[in-house]
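Asks: This is the content of upload09.txt (compact mmCIF, C-alpha atoms (C1' of nucleotides)):
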# COMPACT_ATOMS: atom_id res chain seq x y z
CA MET A 22 76.28 222.06 116.33
CA SER A 23 75.80 219.50 119.02
CA SER A 24 79.25 218.05 118.94
CA ARG A 25 80.12 215.72 121.76
CA ALA A 26 82.64 218.14 123.29
CA ASP A 27 80.23 221.06 123.19
CA SER A 28 77.52 218.99 124.76
CA ALA A 29 79.82 217.92 127.56
CA ALA A 30 80.93 221.48 128.20
CA ALA A 31 77.31 222.58 128.32
CA THR A 32 76.52 219.83 130.78
CA ARG A 33 79.40 220.85 132.98
CA ARG A 34 78.19 224.43 132.94
CA ALA A 35 74.63 223.32 133.67
CA LEU A 36 75.88 221.29 136.63
CA LEU A 37 77.72 224.28 138.07
CA ASP A 38 74.69 226.52 137.52
CA ALA A 39 72.40 224.00 139.15
CA ALA A 40 74.68 223.57 142.15
CA ALA A 41 74.99 227.33 142.64
CA GLU A 42 71.24 227.82 142.34
CA LEU A 43 70.43 225.05 144.78
CA LEU A 44 73.01 226.44 147.19
CA ASP A 45 71.55 229.94 147.00
CA GLU A 46 67.99 228.71 147.33
CA GLY A 47 68.22 226.08 150.02
CA GLY A 48 71.67 226.20 151.60
CA PRO A 49 74.31 223.49 151.66
CA ASP A 50 71.90 220.73 152.60
CA ALA A 51 69.92 221.32 149.42
CA VAL A 52 72.96 220.68 147.24
CA THR A 53 72.53 216.99 146.57
CA LEU A 54 74.19 215.32 143.63
CA ARG A 55 70.79 213.93 142.70
CA ALA A 56 69.18 217.36 142.89
CA VAL A 57 72.03 218.93 140.96
CA GLY A 58 71.72 216.33 138.25
CA ALA A 59 67.96 216.71 138.08
CA ARG A 60 68.11 220.48 137.75
CA ALA A 61 70.82 220.20 135.12
CA GLY A 62 68.68 217.75 133.20
CA VAL A 63 70.97 214.78 133.69
CA SER A 64 71.08 211.86 136.06
CA ARG A 65 72.53 211.51 139.53
CA GLY A 66 75.79 209.98 138.34
CA ALA A 67 76.51 212.51 135.61
CA PRO A 68 78.60 214.83 137.80
CA TYR A 69 81.22 212.10 138.13
CA GLY A 70 82.03 212.57 134.48
CA HIS A 71 83.13 216.13 135.20
CA PHE A 72 84.24 216.21 138.83
CA PRO A 73 86.04 213.60 140.95
CA ASP A 74 83.54 214.01 143.77
CA LYS A 75 81.04 216.39 145.31
CA GLU A 76 83.74 218.35 147.10
CA HIS A 77 85.40 219.23 143.82
CA LEU A 78 82.08 220.33 142.35
CA LEU A 79 81.59 222.68 145.30
CA ALA A 80 85.17 223.92 144.98
CA ALA A 81 84.42 224.79 141.36
CA VAL A 82 81.33 226.71 142.48
CA ALA A 83 83.47 228.59 145.00
CA ALA A 84 86.06 229.36 142.32
CA ARG A 85 83.32 230.71 140.07
CA SER A 86 82.02 232.93 142.86
CA TRP A 87 85.48 234.31 143.47
CA GLU A 88 85.85 235.00 139.78
CA ALA A 89 82.57 236.90 139.80
CA VAL A 90 83.93 239.10 142.57
CA GLY A 91 87.14 239.44 140.60
CA GLU A 92 85.20 240.76 137.61
CA GLN A 93 83.60 243.38 139.83
CA LEU A 94 87.04 244.44 141.01
CA ASP A 95 88.29 244.52 137.44
CA ALA A 96 85.48 246.87 136.49
CA LEU A 97 86.48 249.12 139.39
CA ILE A 98 90.18 249.03 138.51
CA THR A 99 89.68 249.97 134.88
CA ASP A 100 87.18 252.70 135.70
CA ARG A 101 89.49 255.70 135.79
CA ARG A 102 86.69 258.12 136.53
CA ARG A 103 86.64 257.14 140.18
CA ALA A 104 89.24 258.24 142.69
CA PRO A 105 91.36 255.44 144.22
CA ALA A 106 89.81 255.90 147.64
CA GLU A 107 86.35 255.58 146.15
CA ARG A 108 87.35 252.43 144.30
CA LEU A 109 88.53 250.85 147.53
CA GLU A 110 85.31 251.78 149.25
CA GLN A 111 83.28 250.30 146.42
CA ALA A 112 85.35 247.14 146.45
CA LEU A 113 84.66 246.60 150.13
CA SER A 114 80.95 247.40 149.97
CA GLY A 115 80.67 245.23 146.86
CA LEU A 116 82.07 242.28 148.77
CA MET A 117 79.62 242.97 151.57
CA GLU A 118 76.75 243.05 149.15
CA THR A 119 77.79 239.73 147.66
CA GLY A 120 77.90 238.26 151.14
CA ARG A 121 74.38 239.48 151.80
CA ARG A 122 72.87 238.50 148.47
CA ARG A 123 74.37 235.04 148.36
CA PRO A 124 75.16 234.11 151.96
CA TYR A 125 75.69 230.40 151.33
CA ALA A 126 77.92 230.95 148.33
CA TYR A 127 79.80 233.52 150.36
CA GLY A 128 80.32 231.00 153.12
CA LEU A 129 81.62 228.52 150.58
CA MET A 130 84.06 231.11 149.20
CA PHE A 131 85.59 231.62 152.62
CA ALA A 132 85.64 227.95 153.54
CA ALA A 133 88.95 226.16 153.47
CA PRO A 134 89.80 225.10 149.91
CA GLY A 135 91.95 222.03 150.41
CA ALA A 136 95.30 221.73 148.68
CA ASP A 137 93.69 219.37 146.16
CA HIS A 138 91.54 222.15 144.72
CA PRO A 139 94.10 224.17 142.74
CA GLU A 140 91.36 225.73 140.65
CA ALA A 141 89.72 227.27 143.72
CA LEU A 142 93.03 228.27 145.26
CA ALA A 143 94.04 230.07 142.08
CA ALA A 144 90.73 231.91 141.87
CA VAL A 145 91.06 233.09 145.46
CA SER A 146 94.65 234.17 144.92
CA ARG A 147 93.84 236.09 141.75
CA THR A 148 91.01 238.01 143.33
CA HIS A 149 93.05 238.78 146.41
CA ASP A 150 95.74 240.18 144.14
CA GLN A 151 93.22 242.42 142.44
CA PHE A 152 92.08 243.68 145.80
CA LEU A 153 95.67 244.33 146.82
CA ALA A 154 96.20 246.34 143.66
CA ILE A 155 93.25 248.56 144.58
CA VAL A 156 94.62 249.03 148.08
CA ALA A 157 98.10 249.83 146.80
CA ASP A 158 96.59 252.45 144.54
CA VAL A 159 95.13 254.26 147.55
CA ILE A 160 98.12 254.23 149.85
CA GLY A 161 101.33 255.23 148.12
CA ASP A 162 103.55 253.01 150.25
CA LYS A 163 103.83 249.69 148.47
CA ASP A 164 105.08 247.81 151.52
CA ARG A 165 102.04 248.74 153.53
CA ALA A 166 99.49 247.62 150.96
CA GLY A 167 99.67 244.00 152.11
CA PRO A 168 99.08 244.53 155.83
CA ILE A 169 96.51 247.29 155.30
CA GLY A 170 94.74 245.21 152.67
CA ALA A 171 94.72 242.20 154.94
CA LEU A 172 93.30 244.21 157.81
CA LEU A 173 90.53 245.55 155.58
CA MET A 174 89.74 242.19 153.98
CA THR A 175 89.69 240.25 157.23
CA SER A 176 87.64 242.89 159.02
CA VAL A 177 85.04 243.15 156.27
CA HIS A 178 84.84 239.38 156.13
CA GLY A 179 84.27 239.28 159.87
CA ILE A 180 81.48 241.81 159.57
CA VAL A 181 79.75 239.86 156.82
CA ALA A 182 80.25 236.53 158.55
CA MET A 183 78.77 237.70 161.82
CA GLU A 184 75.96 239.46 159.98
CA ASN A 185 75.10 236.27 158.12
CA SER A 186 75.24 234.13 161.24
CA GLY A 187 72.84 236.48 162.99
CA GLN A 188 75.38 237.39 165.67
CA LEU A 189 75.69 241.04 164.65
CA THR A 190 72.36 242.48 165.71
CA ALA A 191 71.66 246.17 166.12
CA GLU A 192 69.96 245.48 169.46
CA LYS A 193 73.09 243.96 170.94
CA TRP A 194 75.81 246.13 169.45
CA HIS A 195 73.98 249.36 168.60
CA VAL A 196 75.54 249.42 165.19
CA THR A 197 74.98 247.98 161.71
CA GLY A 198 77.35 246.29 159.33
CA ASP A 199 77.34 249.37 157.13
CA ASP A 200 78.26 251.52 160.11
CA LEU A 201 81.16 249.21 160.87
CA LEU A 202 82.40 249.42 157.30
CA ARG A 203 82.35 253.22 157.53
CA MET A 204 84.19 253.15 160.85
CA LEU A 205 86.74 250.81 159.37
CA ILE A 206 87.43 252.98 156.34
CA ALA A 207 87.62 256.10 158.48
CA ARG A 208 90.24 254.55 160.73
CA ILE A 209 92.25 252.51 158.29
CA GLY A 210 91.54 253.34 154.67
CA MET B 8 75.10 206.50 193.98
CA SER B 9 74.15 205.49 190.49
CA SER B 10 70.65 206.88 190.57
CA ARG B 11 68.88 206.95 187.26
CA ALA B 12 68.97 210.75 187.04
CA ASP B 13 72.70 210.92 187.78
CA SER B 14 73.42 208.26 185.23
CA ALA B 15 71.43 210.10 182.61
CA ALA B 16 73.20 213.38 183.37
CA ALA B 17 76.55 211.63 183.11
CA THR B 18 75.56 210.15 179.78
CA ARG B 19 74.54 213.55 178.48
CA ARG B 20 77.87 214.98 179.53
CA ALA B 21 79.71 212.06 177.97
CA LEU B 22 77.84 212.63 174.71
CA LEU B 23 78.80 216.30 174.64
CA ASP B 24 82.41 215.46 175.47
CA ALA B 25 82.53 212.81 172.76
CA ALA B 26 81.03 215.13 170.17
CA ALA B 27 83.47 217.91 171.02
CA GLU B 28 86.43 215.54 170.92
CA LEU B 29 85.43 214.04 167.60
CA LEU B 30 84.91 217.53 166.19
CA ASP B 31 88.32 218.69 167.34
CA GLU B 32 90.06 215.57 166.11
CA GLY B 33 88.42 214.94 162.76
CA GLY B 34 86.30 217.91 161.83
CA PRO B 35 82.56 218.03 161.25
CA ASP B 36 82.50 214.91 159.08
CA ALA B 37 83.86 212.85 161.96
CA VAL B 38 80.96 213.80 164.22
CA THR B 39 78.62 210.92 163.52
CA LEU B 40 75.89 210.01 165.95
CA ARG B 41 77.18 206.45 165.85
CA ALA B 42 80.74 207.60 166.59
CA VAL B 43 79.52 209.93 169.33
CA GLY B 44 77.57 207.12 170.93
CA ALA B 45 80.47 204.72 170.66
CA ARG B 46 82.93 207.12 172.28
CA ALA B 47 80.45 207.92 175.02
CA GLY B 48 80.02 204.22 175.68
CA VAL B 49 76.40 204.06 174.58
CA SER B 50 74.65 203.07 171.40
CA ARG B 51 73.85 205.03 168.28
CA GLY B 52 70.32 205.88 169.32
CA ALA B 53 71.18 207.08 172.82
CA PRO B 54 71.63 210.76 171.86
CA TYR B 55 67.93 210.94 171.03
CA GLY B 56 67.16 210.56 174.69
CA HIS B 57 68.95 213.85 175.36
CA PHE B 58 68.72 215.89 172.16
CA PRO B 59 65.92 216.16 169.59
CA ASP B 60 68.37 215.65 166.74
CA LYS B 61 72.00 215.99 165.73
CA GLU B 62 71.68 219.70 165.11
CA HIS B 63 70.66 220.29 168.71
CA LEU B 64 73.57 218.22 169.95
CA LEU B 65 75.95 220.38 167.93
CA ALA B 66 74.22 223.52 169.16
CA ALA B 67 74.84 222.34 172.70
CA VAL B 68 78.52 221.82 171.87
CA ALA B 69 78.64 225.35 170.47
CA ALA B 70 76.96 226.73 173.60
CA ARG B 71 79.52 224.95 175.74
CA SER B 72 82.37 226.41 173.72
CA TRP B 73 80.94 229.90 174.11
CA GLU B 74 80.63 229.34 177.83
CA ALA B 75 84.28 228.29 177.99
CA VAL B 76 85.22 231.59 176.34
CA GLY B 77 82.90 233.34 178.76
CA GLU B 78 84.77 231.84 181.69
CA GLN B 79 88.02 233.17 180.28
CA LEU B 80 86.47 236.62 180.04
CA ASP B 81 85.14 236.32 183.57
CA ALA B 82 88.61 235.59 184.85
CA LEU B 83 89.85 238.69 183.07
CA ILE B 84 87.04 240.87 184.36
CA THR B 85 87.53 239.90 187.99
CA ASP B 86 91.30 240.22 187.80
CA ARG B 87 91.73 243.75 189.06
CA ARG B 88 95.50 243.63 188.80
CA ARG B 89 95.38 244.21 185.06
CA ALA B 90 94.65 247.54 183.46
CA PRO B 91 91.44 247.72 181.40
CA ALA B 92 93.35 248.10 178.14
CA GLU B 93 95.37 245.02 178.93
CA ARG B 94 92.22 243.07 179.73
CA LEU B 95 90.76 243.96 176.35
CA GLU B 96 93.93 242.91 174.60
CA GLN B 97 93.94 239.61 176.47
CA ALA B 98 90.30 239.03 175.66
CA LEU B 99 90.95 239.44 171.95
CA SER B 100 94.10 237.36 171.86
CA GLY B 101 92.36 234.72 173.97
CA LEU B 102 89.61 234.44 171.39
CA MET B 103 92.22 234.13 168.66
CA GLU B 104 93.97 231.39 170.55
CA THR B 105 90.73 229.48 170.95
CA GLY B 106 90.15 229.79 167.22
CA ARG B 107 93.56 228.38 166.51
CA ARG B 108 93.50 225.60 169.06
CA ARG B 109 90.02 224.36 168.22
CA PRO B 110 89.34 225.52 164.66
CA TYR B 111 86.31 223.29 164.08
CA ALA B 112 84.67 224.18 167.37
CA TYR B 113 85.40 227.81 166.62
CA GLY B 114 83.68 227.50 163.27
CA LEU B 115 80.70 225.94 164.99
CA MET B 116 80.55 228.80 167.49
CA PHE B 117 80.29 231.36 164.70
CA ALA B 118 77.86 229.35 162.61
CA ALA B 119 74.25 230.45 162.56
CA PRO B 120 72.43 229.16 165.66
CA GLY B 121 68.86 228.81 164.46
CA ALA B 122 66.03 230.35 166.44
CA ASP B 123 65.19 226.89 167.76
CA HIS B 124 68.42 226.69 169.72
CA PRO B 125 67.72 229.08 172.63
CA GLU B 126 70.47 227.50 174.70
CA ALA B 127 73.11 228.39 172.11
CA LEU B 128 71.66 231.84 171.49
CA ALA B 129 71.74 232.61 175.21
CA ALA B 130 75.34 231.44 175.55
CA VAL B 131 76.42 233.63 172.63
CA SER B 132 74.53 236.61 174.04
CA ARG B 133 75.98 236.20 177.51
CA THR B 134 79.55 236.01 176.28
CA HIS B 135 79.06 238.97 173.97
CA ASP B 136 77.81 240.95 176.94
CA GLN B 137 80.88 240.07 178.91
CA PHE B 138 83.05 241.22 176.05
CA LEU B 139 81.09 244.46 175.84
CA ALA B 140 81.66 245.04 179.53
CA ILE B 141 85.40 244.74 179.01
CA VAL B 142 85.25 247.17 176.11
CA ALA B 143 83.15 249.65 178.06
CA ASP B 144 85.72 249.55 180.83
CA VAL B 145 88.42 250.70 178.44
CA ILE B 146 86.60 253.53 176.70
CA GLY B 147 84.75 255.76 179.09
CA ASP B 148 81.97 256.62 176.67
CA LYS B 149 79.22 254.09 177.25
CA ASP B 150 77.47 254.79 173.95
CA ARG B 151 80.57 253.96 171.96
CA ALA B 152 81.23 250.61 173.63
CA GLY B 153 78.76 248.82 171.37
CA PRO B 154 80.08 250.00 168.01
CA ILE B 155 83.73 249.80 169.07
CA GLY B 156 83.19 246.37 170.56
CA ALA B 157 81.44 245.20 167.43
CA LEU B 158 84.25 246.48 165.24
CA LEU B 159 86.81 244.68 167.37
CA MET B 160 84.83 241.44 167.61
CA THR B 161 84.00 241.24 163.91
CA SER B 162 87.53 242.13 162.87
CA VAL B 163 89.16 239.59 165.13
CA HIS B 164 86.68 236.99 163.96
CA GLY B 165 87.55 237.80 160.35
CA ILE B 166 91.24 237.40 161.10
CA VAL B 167 90.73 234.01 162.75
CA ALA B 168 88.32 232.81 160.09
CA MET B 169 90.66 233.65 157.22
CA GLU B 170 93.58 232.21 159.14
CA ASN B 171 91.75 228.95 159.67
CA SER B 172 90.62 228.74 156.06
CA GLY B 173 94.19 229.18 154.89
CA GLN B 174 93.39 232.41 153.07
CA LEU B 175 95.52 234.61 155.30
CA THR B 176 99.06 233.61 154.31
CA ALA B 177 102.16 235.63 155.10
CA GLU B 178 103.36 235.17 151.52
CA LYS B 179 100.31 236.83 150.07
CA TRP B 180 99.65 239.60 152.57
CA HIS B 181 103.06 240.10 154.19
CA VAL B 182 101.48 240.08 157.61
CA THR B 183 100.43 237.60 160.29
CA GLY B 184 97.23 237.34 162.25
CA ASP B 185 99.05 238.56 165.35
CA ASP B 186 100.29 241.58 163.43
CA LEU B 187 96.75 242.35 162.35
CA LEU B 188 95.51 242.13 165.92
CA ARG B 189 98.19 244.60 167.00
CA MET B 190 97.32 246.95 164.14
CA LEU B 191 93.68 246.71 165.07
CA ILE B 192 94.24 247.55 168.73
CA ALA B 193 96.57 250.41 167.83
CA ARG B 194 93.97 252.00 165.58
CA ILE B 195 90.79 251.21 167.44
CA GLY B 196 91.41 250.04 170.99
C1' DG C 11 59.87 193.10 200.48
C1' DC C 12 57.44 192.70 196.44
C1' DA C 13 54.75 193.88 192.35
C1' DA C 14 53.77 197.43 189.08
C1' DC C 15 55.75 201.11 186.78
C1' DT C 16 58.97 204.36 184.47
C1' DC C 17 62.38 205.50 181.57
C1' DA C 18 67.30 205.36 179.73
C1' DG C 19 69.20 202.90 176.53
C1' DA C 20 69.48 198.97 172.79
C1' DT C 21 68.08 197.22 168.53
C1' DG C 22 65.84 196.64 164.00
C1' DA C 23 64.37 199.06 160.18
C1' DC C 24 63.97 202.69 156.63
C1' DA C 25 64.87 206.62 153.53
C1' DA C 26 68.33 209.64 151.74
C1' DT C 27 72.84 210.24 150.05
C1' DG C 28 77.72 209.76 148.02
C1' DT C 29 80.01 206.67 145.27
C1' DC C 30 81.31 203.15 141.94
C1' DA C 31 80.93 199.21 138.43
C1' DA C 32 78.62 197.78 134.52
C1' DG C 33 75.87 198.88 130.69
C1' DT C 34 74.06 201.77 126.58
C1' DG C 35 73.54 204.58 122.71
C1' DA C 36 74.92 208.19 119.91
C1' DA C 37 78.82 210.86 118.09
C1' DC C 38 83.27 210.05 115.95
C1' DC C 39 86.84 208.05 112.88
C1' DG C 40 88.93 205.16 109.37
C1' DC D 19 79.55 201.69 106.91
C1' DG D 20 81.52 199.13 110.93
C1' DG D 21 84.14 199.58 114.97
C1' DT D 22 85.42 202.69 118.72
C1' DT D 23 85.08 206.11 122.14
C1' DC D 24 82.91 208.47 125.64
C1' DA D 25 79.22 211.01 128.06
C1' DC D 26 75.65 209.48 130.43
C1' DT D 27 72.37 206.06 132.76
C1' DT D 28 71.30 202.54 135.83
C1' DG D 29 71.77 199.13 139.50
C1' DA D 30 73.98 198.38 143.68
C1' DC D 31 76.21 199.23 148.17
C1' DA D 32 77.95 201.40 152.50
C1' DT D 33 77.09 205.15 155.54
C1' DT D 34 74.21 208.06 158.10
C1' DG D 35 70.16 210.38 160.54
C1' DT D 36 65.98 209.07 162.35
C1' DC D 37 62.12 206.57 164.41
C1' DA D 38 59.28 202.60 166.44
C1' DT D 39 59.69 199.02 169.32
C1' DC D 40 61.71 196.40 172.85
C1' DT D 41 64.24 195.48 177.25
C1' DG D 42 66.00 195.66 181.71
C1' DA D 43 67.39 198.10 185.69
C1' DG D 44 66.03 201.79 188.89
C1' DT D 45 61.90 203.66 191.27
C1' DT D 46 57.54 203.84 193.71
C1' DG D 47 53.48 202.54 196.37
C1' DC D 48 51.74 199.29 199.43
Give the structure from the file, written as structure tokens.
Replies:
Amino acid sequence: MSSRADSAAATRRALLDAAAELLDEGGPDAVTLRAVGARAGVSRGAPYGHFPDKEHLLAAVAARSWEAVGEQLDALITDRRRAPAERLEQALSGLMETGRRRPYAYGLMFAAPGADHPEALAAVSRTHDQFLAIVADVIGDKDRAGPIGALLMTSVHGIVAMENSGQLTAEKWHVTGDDLLRMLIARIG
Amino acid sequence: MSSRADSAAATRRALLDAAAELLDEGGPDAVTLRAVGARAGVSRGAPYGHFPDKEHLLAAVAARSWEAVGEQLDALITDRRRAPAERLEQALSGLMETGRRRPYAYGLMFAAPGADHPEALAAVSRTHDQFLAIVADVIGDKDRAGPIGALLMTSVHGIVAMENSGQLTAEKWHVTGDDLLRMLIARIG
DNA sequence: GCAACTCAGATGACAATGTCAAGTGAACCG
DNA sequence: CGGTTCACTTGACATTGTCATCTGAGTTGC
């Protein structure tokens, strides 16, 4: 049952869970190695048995968040009941919802993953590929999927980012993030 | 000459300059109150005579950066030689260039300025208004300036943000940030 | 022109944090 | 069962933000 390897794997998972929870609850400043260890039921130095440093722990959290988005996209891709255009719309609004529900984790996902975080880079790349597949399914032209997908992804990210930073207020711009997403799809999708 | 008030104002300016330089050169981690003080020629505790805490110092740097962008926009607005559409294009590409030249300061500008940073909030609001004026000058319809402006601003921000985080690569998306800006203007401007 | 005052800045100190070296005890292996 | 490995703990240290206290030069009133 409690083999040493299993226990270590459970600890690693608990550390990632604890870090993600602390991030969601209190923002980046709340993610302290001591707090992470405490919530995971281990000591402050335990993370160093699983990650080289704090940055790598956070990169793993970011990778996990990307993979969660990737699973959402997978569910959309394999759901053949929906029309391609509807899948694309759901993919975009799903990303927006993630950004709203977990703003700090979202910020971490779109932070720069250094070259020494191959795990995070791979997770980002995989999910981007899934998104590109959804885009390509909507527009027949394969060559245009990349640029169109990039325009959609960057624009939606900009909407979410400015929403989360409080710089996209209805008073100033007379529009909501959801309105912008609709405008975007109408003009580009 | 060296009255006490002038000296204090010079110190405050030197602190802001030092913080901005350190940010540009070494990223957020390099902006240490001790380093800021050293570069400004004062001691580590000197910033507390001008700012309540480090966060307010950074907010002041962000406000300054927004004001620099605002001056660019002002120059565009008062330059009556250019057509309105060209002014809008220059405004957007100017923002992109700022994001590329000073990625860390750009990130700070689009970070969340808490409600206890009225100086930064005002600077953001002023510059956004200037941008909206440029947009309104292009499209006659006054009611649509807000939404269209928001779509342009958020989208360009998303492009710059993903460029700076290394997630907008030509290999993956077969497009560059400049291409995306052109696509955006063609479809929305 | 001088004494009292004000205030920008310097300095000492402290708590929190990331990080590492050394230690420990239980799982593992022969 | 005895030695070994390894995940984890603990003690320690450098760095950093922050504050209380101190100091000296600029300022003010006479």
Asks: Please check the contacts: residues of chain A at most 7 Å away from chain B, using all atoms listed in the file, listed as a short mmCIF file (atom, residue, chain, number, x, y, z; two decimals) with C-alpha atoms, keeping the file's coordinate frame.
Replies:
data_model
loop_
_atom_site.label_atom_id
_atom_site.label_comp_id
_atom_site.auth_asym_id
_atom_site.auth_seq_id
_atom_site.Cartn_x
_atom_site.Cartn_y
_atom_site.Cartn_z
CA PHE A 131 85.59 231.62 152.62
CA ALA A 132 85.64 227.95 153.54
CA ALA A 133 88.95 226.16 153.47
CA GLY A 167 99.67 244.00 152.11
CA PRO A 168 99.08 244.53 155.83
CA ALA A 171 94.72 242.20 154.94
CA LEU A 172 93.30 244.21 157.81
CA THR A 175 89.69 240.25 157.23
CA SER A 176 87.64 242.89 159.02
CA HIS A 178 84.84 239.38 156.13
CA GLY A 179 84.27 239.28 159.87
CA ILE A 180 81.48 241.81 159.57
CA MET A 183 78.77 237.70 161.82
CA SER A 186 75.24 234.13 161.24
CA GLY A 187 72.84 236.48 162.99
CA TRP A 194 75.81 246.13 169.45
CA HIS A 195 73.98 249.36 168.60
CA VAL A 196 75.54 249.42 165.19
CA LEU A 201 81.16 249.21 160.87
CA ARG A 208 90.24 254.55 160.73
#
Asks: Looking at all atoms listed in the file, which of C:DA18, C:DA36, C:DA25, C:DC12 is the one that sits closest to chain B?
Replies: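 Under the stated criterion, the closest residue is C:DA18.
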Asks: Counting all atoms listed in the file, which residues of chain B sit at most 9 Å from some atom of chain D, and what is each one's closest atom pair with its distance in Å to one decimal, listed by chain and rising residue number, as CSV?
Replies:
residue,atom,partner,partner_atom,distance
B:Ser10,CA,D:DG44,C1',7.1
B:Arg11,CA,D:DG44,C1',6.1
B:Thr39,CA,D:DT34,C1',7.6
B:Leu40,CA,D:DG35,C1',7.9
B:Arg41,CA,D:DT34,C1',8.5
B:Gly52,CA,D:DT36,C1',8.8
B:Asp60,CA,D:DT36,C1',8.3
B:Lys61,CA,D:DG35,C1',7.9
Asks: Using the selection just defined, write its residues with C-alpha atoms as an mmCIF file, keeping the file's coordinate frame.
Replies:
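Okay, this is what ended up in part.cif:
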data_model
loop_
_atom_site.group_PDB
_atom_site.id
_atom_site.type_symbol
_atom_site.label_atom_id
_atom_site.label_comp_id
_atom_site.auth_asym_id
_atom_site.auth_seq_id
_atom_site.Cartn_x
_atom_site.Cartn_y
_atom_site.Cartn_z
ATOM 1 C CA SER B 10 70.650 206.880 190.570
ATOM 2 C CA ARG B 11 68.880 206.950 187.260
ATOM 3 C CA THR B 39 78.620 210.920 163.520
ATOM 4 C CA LEU B 40 75.890 210.010 165.950
ATOM 5 C CA ARG B 41 77.180 206.450 165.850
ATOM 6 C CA GLY B 52 70.320 205.880 169.320
ATOM 7 C CA ASP B 60 68.370 215.650 166.740
ATOM 8 C CA LYS B 61 72.000 215.990 165.730
#
Asks: What does the structure give for the distance between C1' of DA13 (chain C) and CA of Gly56 (chain B), in Å to one decimal?
Replies: 27.3 Å
Asks: List every residue of chain C that has an atom at most 12 Å from any atom of chain A, and for each one report the closest atom pair and its distance in Å to one decimal, counting all atoms listed in the file, with rows sorted by chain and then by increasing residue number, as a tab-separated table.
Replies:
residue	atom	partner	partner_atom	distance
C:DA26	C1'	A:Thr53	CA	9.9
C:DT27	C1'	A:Thr53	CA	7.6
C:DG28	C1'	A:Lys75	CA	7.9
C:DT29	C1'	A:Asp74	CA	8.3
C:DC30	C1'	A:Gly66	CA	9.5
C:DA31	C1'	A:Gly66	CA	11.9
C:DA36	C1'	A:Arg25	CA	9.3
C:DA37	C1'	A:Arg25	CA	6.2
C:DC38	C1'	A:Arg25	CA	8.7
Asks: What's around region 31-37 of chain A at 7 Å? Count all atoms listed in the file, leave out sequence neighbours fewer than 5 positions away in its own chain, and write the answer as a ChimeraX atom specification.
Replies: /A:57-58,61,71,82
Asks: For the residues selected in the previous step, produce a file with C-alpha atoms as a PDB file, in the coordinates of the input.
Replies:
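Result went into result-v4.pdb, see below:
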ATOM      1  CA  VAL A  57      72.030 218.930 140.960  1.00  0.00           C
ATOM      2  CA  GLY A  58      71.720 216.330 138.250  1.00  0.00           C
ATOM      3  CA  ALA A  61      70.820 220.200 135.120  1.00  0.00           C
ATOM      4  CA  HIS A  71      83.130 216.130 135.200  1.00  0.00           C
ATOM      5  CA  VAL A  82      81.330 226.710 142.480  1.00  0.00           C
TER       6      VAL A  82
END
Asks: Which residue is closest to Pro110 (chain B)? Choose from B:Pro54, B:Gly147, B:Gly48, B:Gly33 and count all atoms listed in the file.
Replies: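 The shortest atom-to-atom distance to Pro110 (chain B) comes from B:Gly33.
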Asks: Closest to Gly120 (chain A) among A:Ala84, A:Ala67, A:Lys163, A:Asp45, using only C-alpha atoms?
Replies: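 Residue with the minimum atom-to-atom distance to Gly120 (chain A): A:Asp45.
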Asks: As an exercise, work out the distance from CA of Tyr113 (chain B) to CA of Trp73 (chain B) in Å and give it to one decimal place.
Replies: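 Those two atoms sit 9.0 Å apart.
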Asks: Could you tell me how far CA of Ala80 (chain A) sits from CA of Ala126 (chain A), in Å to one decimal place?
Replies: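 These two atoms are separated by 10.6 Å.
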Asks: Given only C-alpha atoms, how would the per-residue table for region 111-193 of chain A near region 91-102 of chain A read, listing every residue at most 10 Å away with its closest atom pair and distance in Å to one decimal, sorted by chain and number, as CSV?
Replies:
residue,atom,partner,partner_atom,distance
A:Gln111,CA,A:Leu97,CA,7.8
A:Ala112,CA,A:Leu94,CA,6.3
A:Leu113,CA,A:Leu94,CA,9.7
A:Gly115,CA,A:Gln93,CA,7.8
A:Leu116,CA,A:Gln93,CA,9.1
A:Ala144,CA,A:Gly91,CA,8.4
A:Val145,CA,A:Gly91,CA,8.9
A:Arg147,CA,A:Gly91,CA,7.6
A:Thr148,CA,A:Gly91,CA,4.9
A:His149,CA,A:Gly91,CA,8.3
A:Asp150,CA,A:Gly91,CA,9.3
A:Gln151,CA,A:Leu94,CA,6.7
A:Phe152,CA,A:Leu94,CA,7.0
A:Ala154,CA,A:Ile98,CA,8.4
A:Ile155,CA,A:Ile98,CA,6.8
A:Asp158,CA,A:Ile98,CA,9.4
Asks: Please dump the current selection as a PDB file, keeping the file's coordinate frame; keep C-alpha atoms.
Replies:
ATOM      1  CA  GLN A 111      83.280 250.300 146.420  1.00  0.00           C
ATOM      2  CA  ALA A 112      85.350 247.140 146.450  1.00  0.00           C
ATOM      3  CA  LEU A 113      84.660 246.600 150.130  1.00  0.00           C
ATOM      4  CA  GLY A 115      80.670 245.230 146.860  1.00  0.00           C
ATOM      5  CA  LEU A 116      82.070 242.280 148.770  1.00  0.00           C
ATOM      6  CA  ALA A 144      90.730 231.910 141.870  1.00  0.00           C
ATOM      7  CA  VAL A 145      91.060 233.090 145.460  1.00  0.00           C
ATOM      8  CA  ARG A 147      93.840 236.090 141.750  1.00  0.00           C
ATOM      9  CA  THR A 148      91.010 238.010 143.330  1.00  0.00           C
ATOM     10  CA  HIS A 149      93.050 238.780 146.410  1.00  0.00           C
ATOM     11  CA  ASP A 150      95.740 240.180 144.140  1.00  0.00           C
ATOM     12  CA  GLN A 151      93.220 242.420 142.440  1.00  0.00           C
ATOM     13  CA  PHE A 152      92.080 243.680 145.800  1.00  0.00           C
ATOM     14  CA  ALA A 154      96.200 246.340 143.660  1.00  0.00           C
ATOM     15  CA  ILE A 155      93.250 248.560 144.580  1.00  0.00           C
ATOM     16  CA  ASP A 158      96.590 252.450 144.540  1.00  0.00           C
TER      17      ASP A 158
END
